[in-house]
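A quick write-up on the structure given underneath.
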Amino acid sequence: MEDLMTTSFETVTSADGTSIAFDRTGQGGPVILVGGAFNDRTTVAGLAATLAVDFTVIAYDRRGRGDSGAGAVYSVEREVEDLAALVEHVGGSAAVFGHSSGAVLGLEAAARGVAMTSLAVYEPPYVVDDSRTRPGADLFDRVRALIAEGDRDGAAELFLVEGTGTPAEVVKGMRDDAFWAWFTGLAHTLPYDLALCGPGNVLPADRLAKITVPTLVIDGGESDAWMRAGARAVADTVAGARYATVEGQDHGVLHQPDTLRDLLTGFLR
């Protein structure tokens, strides 16, 4: 069993020459885990360990994070190419699980024809109803400007308040916590997440309707109403998609990876 759970560190080169770093754990069919904003491969490591009993799990640093390169110019296409390079590296087809903006990346990659056996997404952050204010269409530019000025604190705060709908007073409290340094450390990658979600986090129904991969859309029973509405809308838009709720969980489900195990193992197989 010890052998089975060894984690090896590897890299793969994406189409534009950027090095993408990942950890490989377990054995079985390949599953690639795609984290969201403020995430690197360590954030999905708990889920990787949970799934590695049944799968070969690939937990990677999206570009600009951890041990991966950033590339010269960011675009959603580059991130799709990164995921495609990983799929190719593990055998030409793989199951994919994405969380938050990582779920959006998984959906965008599937819509563009990246070879997947199945796709599971947790709360892609599209705003589809009026249960929250839609992020400003210029949020990408404003966050990028703060990063260019070296104001990582301001960039992280703006993203959380306007991008994710976190109440300003909650974010003020977060800034006093030791873990705030984790957020500021990854703040330079927030424009990537905003580019993926698009201006105003509008559901790209035409693109999602092109997805032919078997898809499972998941939300948490304790999550914000807008996130649950977005998940349901994705499930309604992708042909044949399944929709499931993990009771007692919210957007921070990666901290409780065992709650996803049965659902994901059953589906991704």
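The chains in the structure tokens are called A, B, ... from first to last as shown; in each chain the residues are counted from 1, and the ligands are counted from 1 in the order shown.
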Region 14-129 of chain A residues near region 233-240 of chain A within 9 Å, closest pair each, using only C-alpha atoms, as a tab-separated table:
```
residue	atom	partner	partner_atom	distance
A:Pro124	CA	A:Val234	CA	8.1
A:Tyr126	CA	A:Val234	CA	8.5
A:Val128	CA	A:Ala233	CA	7.4
```
Problem - Which of region 76-175 of chain A fall in alpha helix (DSSP H), as an MDAnalysis selection string - result: chainID A and resid 76:89 101:111 139:148 152:158 168:175
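Minimum atom-to-atom distances from A:Val44, A:Val104, A:Val121, A:Ala110 to Val57 (chain A) were compared using only C-alpha atoms, and the lowest value belongs to A:Val44.
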Fill in the blank from the handout: Residue with the minimum atom-to-atom distance to Asn39 (chain A), picked from A:Gln27, A:Thr166, A:Thr189, A:Asn201 with only C-alpha atoms counted, is A:Thr189
Problem - A:Gln256, A:Thr18, A:Thr164, A:Thr6 ranked by distance to Thr133 (chain A), top pick (using only C-alpha atoms) - result: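 Under the stated criterion, the closest residue is A:Thr164.
Counting only C-alpha atoms, Gly163 (chain A) has the following residues at most 9 Å away, ignoring those fewer than 4 positions along the same chain: Arg134, Pro135, Gly136, Leu139, Leu158, Phe159, Leu194, Gly200 and Asn201 of chain A.
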Exercise for the section: For each of A:Ser93, A:Thr265, A:Ser75, A:Ser8, take the minimum atom-to-atom distance to Ala59 (chain A), counting only C-alpha atoms, then give the residue where this is smallest. Expected result: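 Under the stated criterion, the closest residue is A:Ser8.
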Problem - CA of Ala103 (chain A) to CA of Leu196 (chain A), straight-line distance in Å - result: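 It comes out at 9.8 Å.
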Practice task
Determine, counting only C-alpha atoms, which protein, DNA and RNA residues have an atom within 6 Å of an atom of Leu119 (chain A); residues of the same chain fewer than 6 positions away are not included. Present the result as a list in words.
Solution key: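 Once the adjacent positions are removed, what remains is Ala95, Val96, Phe97 and Thr215 of chain A.
Here CA of Val90 (chain A) stands at a distance of 12.0 Å from CA of Phe55 (chain A).
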Practice task
Rank A:Leu216, A:Leu190, A:Val246, A:Ala115 by their smallest atom-to-atom distance to Gly266 (chain A), using only C-alpha atoms, and report the top residue only.
Solution key: A:Leu216
